[in-house]
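This is coords.txt (compact mmCIF, C-alpha atoms and all ligand atoms).
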```
# COMPACT_ATOMS: atom_id res chain seq x y z
CA MET Z 1123 -72.24 5.09 108.71
CA ARG Z 1124 -69.56 3.80 106.33
CA VAL Z 1125 -68.89 5.30 102.91
CA VAL Z 1126 -67.86 3.35 99.81
CA MET Z 1127 -66.82 5.47 96.83
CA SER Z 1128 -66.59 4.47 93.19
CA GLN Z 1129 -63.59 5.46 91.09
CA SER Z 1130 -65.78 8.02 89.27
CA ALA Z 1131 -67.09 9.50 92.54
CA MET Z 1132 -63.50 10.22 93.57
CA GLU Z 1133 -63.13 12.42 90.49
CA PHE Z 1134 -65.84 14.69 91.91
CA ILE Z 1135 -64.97 14.82 95.61
CA THR Z 1136 -62.07 13.52 97.65
CA PRO Z 1137 -62.37 10.54 100.01
CA LEU Z 1138 -60.95 12.79 102.73
CA THR Z 1139 -64.09 14.96 102.64
CA LEU Z 1140 -66.37 11.96 103.19
CA GLN Z 1141 -64.00 10.50 105.78
CA ALA Z 1142 -64.27 13.74 107.75
CA LEU Z 1143 -68.08 13.78 107.44
CA SER Z 1144 -68.65 10.10 108.24
CA GLY Z 1145 -65.93 9.81 110.86
CA HIS Z 1146 -64.55 6.62 109.26
CA PRO Z 1147 -62.04 5.89 106.51
CA VAL Z 1148 -63.68 5.70 103.08
CA ALA Z 1149 -63.48 2.34 101.30
CA SER Z 1150 -62.95 2.50 97.57
CA SER Z 1151 -60.79 -0.37 96.42
CA LEU Z 1152 -61.26 -4.12 96.44
CA LEU Z 1153 -57.53 -4.66 96.49
CA ASP Z 1154 -56.31 -2.24 99.14
CA PRO Z 1155 -54.52 -4.35 101.81
CA ALA Z 1156 -54.71 -1.56 104.43
CA ALA Z 1157 -58.48 -1.10 103.97
CA GLU Z 1158 -59.03 -4.87 103.95
CA ALA Z 1159 -57.12 -5.17 107.24
CA ALA Z 1160 -59.43 -2.58 108.86
CA MET Z 1161 -62.82 -3.83 107.60
CA GLY Z 1162 -62.70 -6.27 104.69
CA HIS Z 1163 -65.21 -5.90 101.87
CA ILE Z 1164 -67.23 -8.94 102.91
CA GLU Z 1165 -67.25 -7.78 106.54
CA LEU Z 1166 -68.41 -4.35 105.35
CA ALA Z 1167 -71.24 -5.92 103.34
CA ARG Z 1168 -72.29 -8.01 106.36
CA TRP Z 1169 -72.02 -5.06 108.74
CA ALA Z 1170 -74.56 -2.90 106.93
CA ASP Z 1171 -78.24 -2.81 107.96
CA LEU Z 1172 -79.08 -0.77 104.88
CA VAL Z 1173 -77.07 0.03 101.73
CA ILE Z 1174 -77.88 3.33 100.01
CA ILE Z 1175 -76.51 3.88 96.50
CA ALA Z 1176 -76.52 7.64 95.93
CA PRO Z 1177 -76.04 8.77 93.26
CA ALA Z 1178 -76.94 5.63 91.28
CA THR Z 1179 -75.85 6.40 87.73
CA ALA Z 1180 -77.24 4.58 84.69
CA ASN Z 1181 -73.94 2.75 84.36
CA LEU Z 1182 -73.89 1.67 88.01
CA LEU Z 1183 -77.52 0.46 87.83
CA ALA Z 1184 -76.64 -1.61 84.77
CA ARG Z 1185 -73.64 -3.16 86.48
CA ILE Z 1186 -75.55 -3.93 89.69
CA ASN Z 1187 -78.36 -5.44 87.62
CA ALA Z 1188 -75.86 -7.62 85.77
CA GLY Z 1189 -74.45 -8.86 89.09
CA MET Z 1190 -70.98 -7.56 88.37
CA ALA Z 1191 -68.29 -7.44 91.05
CA ASP Z 1192 -65.92 -5.14 89.21
CA GLU Z 1193 -65.43 -2.65 92.02
CA LEU Z 1194 -66.14 -2.29 95.70
CA ILE Z 1195 -69.67 -0.85 95.36
CA THR Z 1196 -70.96 -3.57 93.04
CA THR Z 1197 -69.22 -6.26 95.12
CA THR Z 1198 -70.84 -4.90 98.29
CA CYS Z 1199 -74.26 -5.11 96.60
CA LEU Z 1200 -73.61 -8.76 95.75
CA ALA Z 1201 -72.25 -9.69 99.16
CA THR Z 1202 -74.74 -7.94 101.43
CA GLU Z 1203 -77.92 -9.40 102.87
CA ALA Z 1204 -79.11 -5.90 103.78
CA PRO Z 1205 -81.81 -4.11 101.81
CA ILE Z 1206 -80.40 -1.87 99.05
CA ALA Z 1207 -81.94 1.51 98.22
CA LEU Z 1208 -81.08 3.00 94.84
CA CYS Z 1209 -81.20 6.78 94.34
CA PRO Z 1210 -81.01 7.24 90.56
CA ALA Z 1211 -79.20 10.30 89.22
CA MET Z 1212 -78.80 10.80 85.47
CA ASN Z 1213 -79.83 12.77 82.43
CA GLN Z 1214 -83.59 12.55 81.78
CA GLN Z 1215 -83.08 10.86 78.38
CA MET Z 1216 -80.76 8.26 79.92
CA TYR Z 1217 -83.34 7.66 82.65
CA ARG Z 1218 -86.16 7.23 80.12
CA ASN Z 1219 -84.07 4.90 77.94
CA VAL Z 1220 -85.56 1.41 77.71
CA ALA Z 1221 -82.28 -0.15 78.85
CA THR Z 1222 -82.29 1.87 82.09
CA GLN Z 1223 -86.00 1.25 82.60
CA ALA Z 1224 -85.50 -2.51 82.06
CA ASN Z 1225 -82.64 -2.49 84.57
CA LEU Z 1226 -84.79 -0.68 87.13
CA THR Z 1227 -87.72 -3.06 86.60
CA SER Z 1228 -85.43 -6.03 87.01
CA LEU Z 1229 -83.78 -4.57 90.12
CA THR Z 1230 -87.05 -3.66 91.86
CA SER Z 1231 -88.53 -7.09 91.06
CA ARG Z 1232 -85.53 -8.58 92.87
CA GLY Z 1233 -86.23 -6.54 96.01
CA PHE Z 1234 -84.12 -3.41 95.46
CA THR Z 1235 -85.86 -0.26 96.67
CA LEU Z 1236 -86.07 2.81 94.48
CA TRP Z 1237 -85.80 6.20 96.17
CA GLY Z 1238 -86.55 8.80 93.50
CA PRO Z 1239 -85.59 10.09 91.07
CA ALA Z 1240 -87.03 13.59 91.31
CA SER Z 1241 -87.95 15.60 88.28
CA GLY Z 1242 -86.80 19.10 87.38
CA SER Z 1243 -83.93 21.03 85.89
CA GLN Z 1244 -80.76 18.99 85.49
CA ALA Z 1245 -77.03 19.70 85.62
CA CYS Z 1246 -76.89 19.24 81.84
CA GLY Z 1247 -79.45 22.00 81.35
CA GLU Z 1248 -82.35 19.70 80.42
CA VAL Z 1249 -85.57 19.31 82.37
CA GLY Z 1250 -87.18 15.98 83.27
CA PRO Z 1251 -86.96 12.94 85.54
CA GLY Z 1252 -83.54 11.74 86.70
CA ARG Z 1253 -82.53 14.22 89.40
CA MET Z 1254 -81.22 12.57 92.55
CA LEU Z 1255 -83.45 13.20 95.59
CA GLU Z 1256 -82.13 15.93 97.87
CA PRO Z 1257 -79.76 14.49 100.54
CA LEU Z 1258 -82.23 15.53 103.26
CA GLU Z 1259 -85.01 13.58 101.53
CA ILE Z 1260 -82.74 10.51 101.40
CA THR Z 1261 -81.94 10.92 105.11
CA GLU Z 1262 -85.67 11.14 105.84
CA LEU Z 1263 -86.35 7.92 103.87
CA ALA Z 1264 -83.53 6.16 105.74
CA THR Z 1265 -85.01 7.30 109.07
CA GLN Z 1266 -88.43 6.00 108.01
CA PHE Z 1267 -86.86 2.72 106.92
CA PHE Z 1268 -85.31 2.16 110.34
CA ALA Z 1269 -88.46 3.25 112.18
CA GLN Z 1270 -90.52 0.69 110.21
CA ASN Z 1271 -87.93 -2.01 110.64
CA ASP Z 1272 -87.59 -1.59 114.40
CA SER Z 1273 -90.12 -4.35 114.32
CA ALA Z 1274 -90.17 -7.60 116.29
CA GLU Z 1275 -88.15 -9.31 113.59
CA LEU Z 1276 -85.13 -6.98 113.62
CA LYS Z 1277 -85.31 -5.94 117.28
CA PRO Z 1278 -86.70 -8.97 119.11
CA LEU Z 1279 -85.24 -7.67 122.38
CA ALA Z 1280 -86.71 -4.15 122.12
CA GLY Z 1281 -87.93 -3.07 125.56
CA LYS Z 1282 -85.99 -5.88 127.31
CA SER Z 1283 -83.15 -5.46 129.81
CA VAL Z 1284 -80.22 -7.83 129.72
CA LEU Z 1285 -77.43 -8.23 132.28
CA ILE Z 1286 -74.28 -10.02 131.13
CA THR Z 1287 -71.12 -10.97 133.01
CA ALA Z 1288 -67.91 -11.31 131.01
CA GLY Z 1289 -64.17 -11.86 131.28
CA PRO Z 1290 -62.07 -13.32 134.08
CA THR Z 1291 -61.99 -12.33 137.72
CA ARG Z 1292 -58.82 -11.45 139.60
CA GLU Z 1293 -58.39 -12.77 143.11
CA ALA Z 1294 -55.75 -10.77 144.97
CA ILE Z 1295 -52.98 -12.59 146.86
CA ASP Z 1296 -51.28 -9.44 148.10
CA PRO Z 1297 -51.12 -5.84 146.83
CA VAL Z 1298 -49.14 -6.87 143.72
CA ARG Z 1299 -50.20 -10.44 142.88
CA TYR Z 1300 -53.37 -12.20 141.92
CA ILE Z 1301 -54.87 -15.48 140.66
CA SER Z 1302 -56.80 -15.29 137.40
CA ASN Z 1303 -57.52 -17.22 134.18
CA HIS Z 1304 -57.19 -16.87 130.41
CA SER Z 1305 -60.71 -15.64 129.64
CA SER Z 1306 -60.52 -12.82 127.08
CA GLY Z 1307 -64.09 -11.59 127.56
CA LYS Z 1308 -64.69 -11.74 123.79
CA MET Z 1309 -67.78 -13.97 123.98
CA GLY Z 1310 -69.45 -11.84 126.66
CA PHE Z 1311 -68.69 -8.62 124.77
CA ALA Z 1312 -70.04 -10.18 121.54
CA LEU Z 1313 -73.23 -11.09 123.43
CA ALA Z 1314 -73.51 -7.53 124.75
CA LYS Z 1315 -73.16 -6.09 121.25
CA ALA Z 1316 -75.59 -8.60 119.72
CA ALA Z 1317 -78.20 -8.03 122.47
CA SER Z 1318 -77.88 -4.26 122.07
CA ASP Z 1319 -78.23 -4.58 118.27
CA MET Z 1320 -81.39 -6.61 118.89
CA GLY Z 1321 -82.84 -3.68 120.81
CA ALA Z 1322 -82.09 -4.62 124.45
CA ALA Z 1323 -80.86 -2.26 127.16
CA VAL Z 1324 -77.62 -4.03 128.07
CA THR Z 1325 -75.57 -3.85 131.26
CA LEU Z 1326 -72.21 -5.58 131.01
CA VAL Z 1327 -70.35 -6.44 134.21
CA SER Z 1328 -66.81 -7.18 133.14
CA GLY Z 1329 -63.66 -8.45 134.77
CA PRO Z 1330 -60.32 -7.00 133.59
CA VAL Z 1331 -60.19 -7.33 129.78
CA ASN Z 1332 -58.65 -5.53 126.83
CA LEU Z 1333 -61.81 -4.81 124.88
CA SER Z 1334 -63.71 -1.67 124.02
CA THR Z 1335 -67.30 -1.29 125.14
CA PRO Z 1336 -69.89 -1.95 122.41
CA GLU Z 1337 -71.89 1.17 121.46
CA GLY Z 1338 -74.94 1.74 123.64
CA VAL Z 1339 -73.88 -0.78 126.31
CA THR Z 1340 -73.52 0.22 129.99
CA ARG Z 1341 -70.29 -1.29 131.29
CA ILE Z 1342 -69.30 -1.83 134.90
CA ASP Z 1343 -65.71 -2.88 135.52
CA VAL Z 1344 -64.94 -5.20 138.40
CA GLU Z 1345 -61.96 -7.22 139.62
CA SER Z 1346 -62.81 -10.03 142.00
CA ALA Z 1347 -65.69 -12.53 142.03
CA GLN Z 1348 -67.09 -10.78 145.11
CA ASN Z 1349 -66.97 -7.39 143.25
CA MET Z 1350 -68.72 -9.05 140.31
CA LEU Z 1351 -71.45 -10.49 142.54
CA ASP Z 1352 -71.95 -7.08 144.23
CA ALA Z 1353 -72.22 -5.31 140.86
CA VAL Z 1354 -74.65 -7.94 139.56
CA MET Z 1355 -76.86 -7.72 142.65
CA ASN Z 1356 -76.87 -3.91 142.41
CA HIS Z 1357 -78.17 -4.07 138.83
CA ILE Z 1358 -80.33 -7.20 138.72
CA ASP Z 1359 -83.67 -5.50 139.47
CA ASN Z 1360 -86.11 -5.59 136.53
CA LYS Z 1361 -83.76 -7.50 134.25
CA ASP Z 1362 -85.44 -9.86 131.77
CA ILE Z 1363 -82.40 -11.97 130.91
CA PHE Z 1364 -79.18 -12.76 132.81
CA ILE Z 1365 -76.28 -14.33 130.93
CA GLY Z 1366 -73.35 -15.52 133.04
CA CYS Z 1367 -70.51 -15.58 130.56
CA ALA Z 1368 -67.71 -14.65 132.96
CA ALA Z 1369 -65.03 -17.14 133.91
CA VAL Z 1370 -65.45 -16.54 137.62
CA ALA Z 1371 -62.66 -17.81 139.86
CA ASP Z 1372 -64.00 -20.69 141.92
CA TYR Z 1373 -61.75 -19.84 144.88
CA ARG Z 1374 -60.21 -16.73 146.41
CA ILE Z 1375 -57.37 -16.28 148.88
CA SER Z 1376 -58.78 -16.66 152.37
CA GLU Z 1377 -56.73 -13.77 153.72
CA ILE Z 1378 -55.24 -11.22 151.32
CA ALA Z 1379 -51.84 -10.09 152.65
CA SER Z 1380 -51.80 -6.36 153.30
CA CYS Z 1381 -48.11 -6.09 152.33
CA LYS Z 1382 -46.21 -7.72 149.48
CA ILE Z 1383 -45.33 -11.29 150.50
CA LYS Z 1384 -41.54 -11.68 150.67
CA LYS Z 1385 -39.88 -14.79 149.32
CA SER Z 1386 -38.13 -16.72 152.07
CA ALA Z 1387 -39.14 -20.35 152.43
CA GLU Z 1388 -38.63 -22.86 149.57
CA GLU Z 1389 -42.31 -23.73 149.63
CA MET Z 1390 -45.38 -21.79 150.53
CA GLN Z 1391 -49.04 -22.57 150.73
CA LEU Z 1392 -51.97 -20.34 150.04
CA ALA Z 1393 -55.26 -21.10 151.75
CA LEU Z 1394 -58.22 -20.68 149.41
CA VAL Z 1395 -61.93 -20.39 150.12
CA ARG Z 1396 -64.87 -20.94 147.76
CA ASN Z 1397 -66.27 -17.93 145.97
CA PRO Z 1398 -70.00 -17.36 145.85
CA ASP Z 1399 -71.67 -18.71 142.70
CA ILE Z 1400 -73.09 -15.64 140.94
CA LEU Z 1401 -75.38 -17.59 138.61
CA ALA Z 1402 -76.83 -19.73 141.37
CA THR Z 1403 -77.31 -16.66 143.59
CA VAL Z 1404 -79.26 -14.81 140.88
CA ALA Z 1405 -81.20 -17.97 140.00
CA SER Z 1406 -82.46 -18.23 143.59
CA LEU Z 1407 -83.97 -14.71 143.57
CA PRO Z 1408 -87.74 -14.30 143.51
CA ASN Z 1409 -88.83 -12.82 140.12
CA ARG Z 1410 -85.55 -13.94 138.65
CA PRO Z 1411 -84.74 -13.19 135.03
CA PHE Z 1412 -84.41 -15.85 132.29
CA MET Z 1413 -81.14 -17.48 133.36
CA VAL Z 1414 -78.42 -18.50 130.90
CA GLY Z 1415 -75.11 -20.03 131.97
CA PHE Z 1416 -71.96 -21.11 130.19
CA ALA Z 1417 -70.00 -24.30 130.72
CA ALA Z 1418 -66.46 -24.87 129.54
CA GLU Z 1419 -65.86 -28.61 129.40
CA THR Z 1420 -63.14 -30.86 128.07
CA HIS Z 1421 -65.15 -34.10 127.84
CA ASP Z 1422 -68.66 -35.54 128.34
CA VAL Z 1423 -69.95 -32.09 127.39
CA GLU Z 1424 -73.66 -32.93 127.36
CA ALA Z 1425 -73.68 -34.80 130.67
CA TYR Z 1426 -71.79 -32.06 132.54
CA ALA Z 1427 -73.76 -29.26 130.89
CA ARG Z 1428 -77.14 -30.86 131.67
CA ASP Z 1429 -76.03 -31.47 135.25
CA LYS Z 1430 -75.05 -27.78 135.58
CA LEU Z 1431 -78.35 -26.69 134.02
CA LYS Z 1432 -80.21 -28.57 136.75
CA ARG Z 1433 -77.90 -27.90 139.67
CA LYS Z 1434 -77.74 -24.14 139.07
CA ASN Z 1435 -81.45 -24.03 138.23
CA LEU Z 1436 -80.93 -22.38 134.82
CA ASN Z 1437 -83.23 -21.97 131.83
CA MET Z 1438 -80.45 -22.58 129.33
CA ILE Z 1439 -76.77 -23.47 129.22
CA ALA Z 1440 -74.25 -22.91 126.44
CA ALA Z 1441 -71.40 -25.41 126.56
CA ASN Z 1442 -68.13 -25.27 124.71
CA ASP Z 1443 -65.54 -27.97 124.40
CA VAL Z 1444 -62.38 -26.13 125.38
CA SER Z 1445 -60.22 -29.12 124.42
CA ILE Z 1446 -60.75 -28.26 120.71
CA ALA Z 1447 -57.86 -26.12 119.46
CA GLY Z 1448 -58.65 -22.69 118.02
CA ILE Z 1449 -62.04 -22.20 119.64
CA GLY Z 1450 -63.16 -21.01 123.04
CA PHE Z 1451 -60.89 -19.14 125.44
CA ASN Z 1452 -59.08 -16.21 123.86
CA ALA Z 1453 -59.90 -17.31 120.30
CA ASP Z 1454 -62.03 -15.24 117.90
CA ALA Z 1455 -64.12 -18.26 116.96
CA ASN Z 1456 -66.18 -20.55 119.10
CA ALA Z 1457 -68.68 -23.39 118.81
CA LEU Z 1458 -71.46 -24.01 121.30
CA ARG Z 1459 -73.79 -26.79 122.28
CA VAL Z 1460 -76.86 -25.23 123.82
CA PHE Z 1461 -79.11 -27.18 126.19
CA TRP Z 1462 -82.41 -26.32 127.83
CA PRO Z 1463 -84.75 -28.61 129.76
CA GLN Z 1464 -86.76 -29.74 126.71
CA GLY Z 1465 -84.19 -29.49 123.95
CA SER Z 1466 -80.76 -28.73 122.59
CA GLN Z 1467 -79.07 -27.23 119.56
CA ASP Z 1468 -75.53 -27.30 118.23
CA LEU Z 1469 -74.16 -23.99 116.99
CA PRO Z 1470 -71.16 -24.90 114.78
CA ALA Z 1471 -67.84 -23.03 114.88
CA THR Z 1472 -68.03 -19.45 113.65
CA ASP Z 1473 -66.99 -15.99 114.82
CA LYS Z 1474 -68.16 -15.04 118.29
CA LEU Z 1475 -70.51 -12.25 117.14
CA THR Z 1476 -72.42 -14.55 114.78
CA LEU Z 1477 -72.57 -17.14 117.52
CA ALA Z 1478 -73.80 -14.54 120.01
CA ARG Z 1479 -76.64 -13.60 117.63
CA GLN Z 1480 -77.58 -17.26 117.19
CA LEU Z 1481 -77.54 -17.89 120.94
CA LEU Z 1482 -79.69 -14.80 121.59
CA SER Z 1483 -82.20 -15.96 118.96
CA LEU Z 1484 -82.46 -19.27 120.82
CA ILE Z 1485 -82.90 -17.38 124.10
CA VAL Z 1486 -85.70 -15.25 122.57
CA LYS Z 1487 -87.44 -18.37 121.26
CA GLU Z 1488 -87.11 -20.37 124.47
CA LYS Z 1489 -88.01 -17.38 126.69
CA THR Z 1490 -91.33 -16.96 124.88
CA ASN Z 1491 -92.01 -20.71 125.39
CA THR Z 1492 -91.49 -20.55 129.16
O1 LIG V 1 -69.58 -24.36 137.69
P1 LIG V 1 -68.92 -23.66 136.56
O2 LIG V 1 -67.90 -22.63 136.98
O3 LIG V 1 -68.41 -24.55 135.48
O4 LIG V 1 -70.13 -22.84 135.87
C1 LIG V 1 -69.92 -21.97 134.82
C2 LIG V 1 -71.05 -20.99 134.79
O5 LIG V 1 -71.33 -20.48 136.07
C3 LIG V 1 -70.72 -19.79 133.95
O6 LIG V 1 -71.93 -19.30 133.40
C4 LIG V 1 -70.16 -18.81 134.97
O7 LIG V 1 -70.29 -17.47 134.55
C5 LIG V 1 -71.00 -19.11 136.18
N1 LIG V 1 -70.31 -18.93 137.47
C6 LIG V 1 -70.74 -17.92 138.34
N2 LIG V 1 -70.13 -17.76 139.53
C7 LIG V 1 -69.14 -18.59 139.92
C8 LIG V 1 -68.71 -19.62 139.07
C9 LIG V 1 -69.32 -19.75 137.84
O8 LIG V 1 -71.65 -17.17 137.97
N3 LIG V 1 -68.57 -18.41 141.09
```

Produce structure tokens that represent the structure in this file.
Ligand code: C5P
Amino acid sequence: MRVVMSQSAMEFITPLTLQALSGHPVASSLLDPAAEAAMGHIELARWADLVIIAPATANLLARINAGMADELITTTCLATEAPIALCPAMNQQMYRNVATQANLTSLTSRGFTLWGPASGSQACGEVGPGRMLEPLEITELATQFFAQNDSAELKPLAGKSVLITAGPTREAIDPVRYISNHSSGKMGFALAKAASDMGAAVTLVSGPVNLSTPEGVTRIDVESAQNMLDAVMNHIDNKDIFIGCAAVADYRISEIASCKIKKSAEEMQLALVRNPDILATVASLPNRPFMVGFAAETHDVEAYARDKLKRKNLNMIAANDVSIAGIGFNADANALRVFWPQGSQDLPATDKLTLARQLLSLIVKEKTNT
């Protein structure tokens, strides 16, 4: 839960109180550089699954109805795609006023939900409609909202199990050295978060990365390609979808030195042997899950991706052109070209989480067609 406070709300209680209760800093200003650096106001609006305005004063309802963006709360209402529940709280005469009633009619006709108000004795000493619902009643309505919306549309992966590989692998040369690559793991972690948000039980097998585990995701840390294959095979039973997003080293050192290799000769050679292909191994299992691979290419993207789709016996492949600056490896943004036997779709450059959601939607669609 994230809390946004209006300037007036801060006259009643301090942001620190709500920070302590919600466990997150309270956002209150549109122009606070520190708050914007943590979670910008647009990001906050996008992040929410449900926005609850409590208490919704007559003034705030009027401003939201007018589409104003004069402070963070009204701006969030404009910028969010999430449903907005209004919990009116005002004097009974203000509530009955035609202006307030017209605002409420206009807001509800545009899809805003009205929770309350209750009727009874008011802070001003009057009696009538306009009391905010009790916090526990609002919590109950929020719980009901999420229970009803755990539907196929919001949680298309509910009841499904997804296994994802992410990040690089490290192939040891000796006890202190290794061969690896620049994969950051960001795309795989974004997929894990997106799949979990869509209701899946997610297991994430990750090479060494600097990322925190998305909430609700089971993470297994591995180092080498062989470790990754072992972890995948230990967890593959009963999985519905497998997404190979890891940048697995194609080769490993044929014999890892047991002691640190000393420098002596001007030249040295390391003998390498092929690593097992994790995707292809899983794809050859009986009762295999829906198989999705990734392909990083620098040219002839479609031809190479389609070849990989066939050769590794996959259901879908997501290709990115790593020759384009600013996307792909290590970047926060990416663009994908997704291919499956009967079709393809381009997913233009955007942040990796949005892209992960789009890719998973394609997977859901194609999985139901196969
Ligand atoms: O053949 P290439 O390495 O380009 O294939 C990339 C895809 O195959 C990615 O999905 C990657 O995770 C997977 N892969 C694998 N095991 C390997 C090599 C690649 O699962 N040893």

Specify the axis-aligned box that encloses all atoms of ligand LIG 1 (chain V) listed in the file after padding of 4 Å on each side, stating its centre and edge lengths in Å to one decimal as lines of an AutoDock Vina configuration file.
```
center_x = -69.9
center_y = -20.9
center_z = 137.2
size_x = 12.0
size_y = 15.4
size_z = 15.7
```

Could you list the protein, DNA and RNA residues that have any atom within 6 Å of ligand LIG 1 (chain V), counting all atoms listed in the file, and write them as a VMD selection string?
chain Z and resid 1366 to 1370 1372 1397 to 1401 1415 to 1417

Go through Z:Ala1314, Z:Leu1436, Z:Ala1453, Z:Leu1333 one by one, measure the shortest atom-to-atom distance of each to Arg1479 (chain Z) using all atoms listed in the file, and give the residue with the smallest value.
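Looking at the shortest contact to Arg1479 (chain Z), the residue is Z:Ala1314.
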
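Here CA of Thr1476 (chain Z) is placed at a distance of 10.4 Å from CA of Ala1457 (chain Z).
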
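Counting from CA of Glu1419 (chain Z), the distance to CA of Ser1445 (chain Z) is 7.5 Å.
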
In Å, how far is it from CA of Ala1393 (chain Z) to CA of Tyr1373 (chain Z)?
9.5 Å

Hey, which of Z:Glu1158, Z:Leu1482, Z:Thr1179, Z:Leu1431 ends up closest to Ala1131 (chain Z)? Count all atoms listed in the file.
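Closest candidate: Z:Thr1179.
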
I need the residue nearest Ile1164 (chain Z) from this list: Z:Val1423, Z:Ala1176, Z:Val1327, Z:Ala1149. Use all atoms listed in the file for the distance.
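Closest residue, counting all atoms listed in the file: Z:Ala1149.
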
Looking at only C-alpha atoms, which of Z:Thr1198, Z:Gly1465, Z:Glu1165, Z:Ala1191 is the one that sits closest to Asn1491 (chain Z)?
Z:Gly1465

Set the distance at 7 Å and use all atoms listed in the file: which residues neighbour Gly1329 (chain Z) once local chain neighbours fewer than 4 positions away are removed? I'd like the list as a compact mmCIF listing (two decimals) with C-alpha atoms, keeping the file's coordinate frame.
```
# COMPACT_ATOMS: atom_id res chain seq x y z
CA ALA Z 1288 -67.91 -11.31 131.01
CA GLY Z 1289 -64.17 -11.86 131.28
CA PRO Z 1290 -62.07 -13.32 134.08
CA THR Z 1291 -61.99 -12.33 137.72
CA ASP Z 1343 -65.71 -2.88 135.52
CA VAL Z 1344 -64.94 -5.20 138.40
CA GLU Z 1345 -61.96 -7.22 139.62
```

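In terms of minimum interatomic distance to Asn1456 (chain Z), Z:Gly1310 ranks closest within Z:Gly1310, Z:Gly1338, Z:Gly1281, Z:Gly1321, counting all atoms listed in the file.
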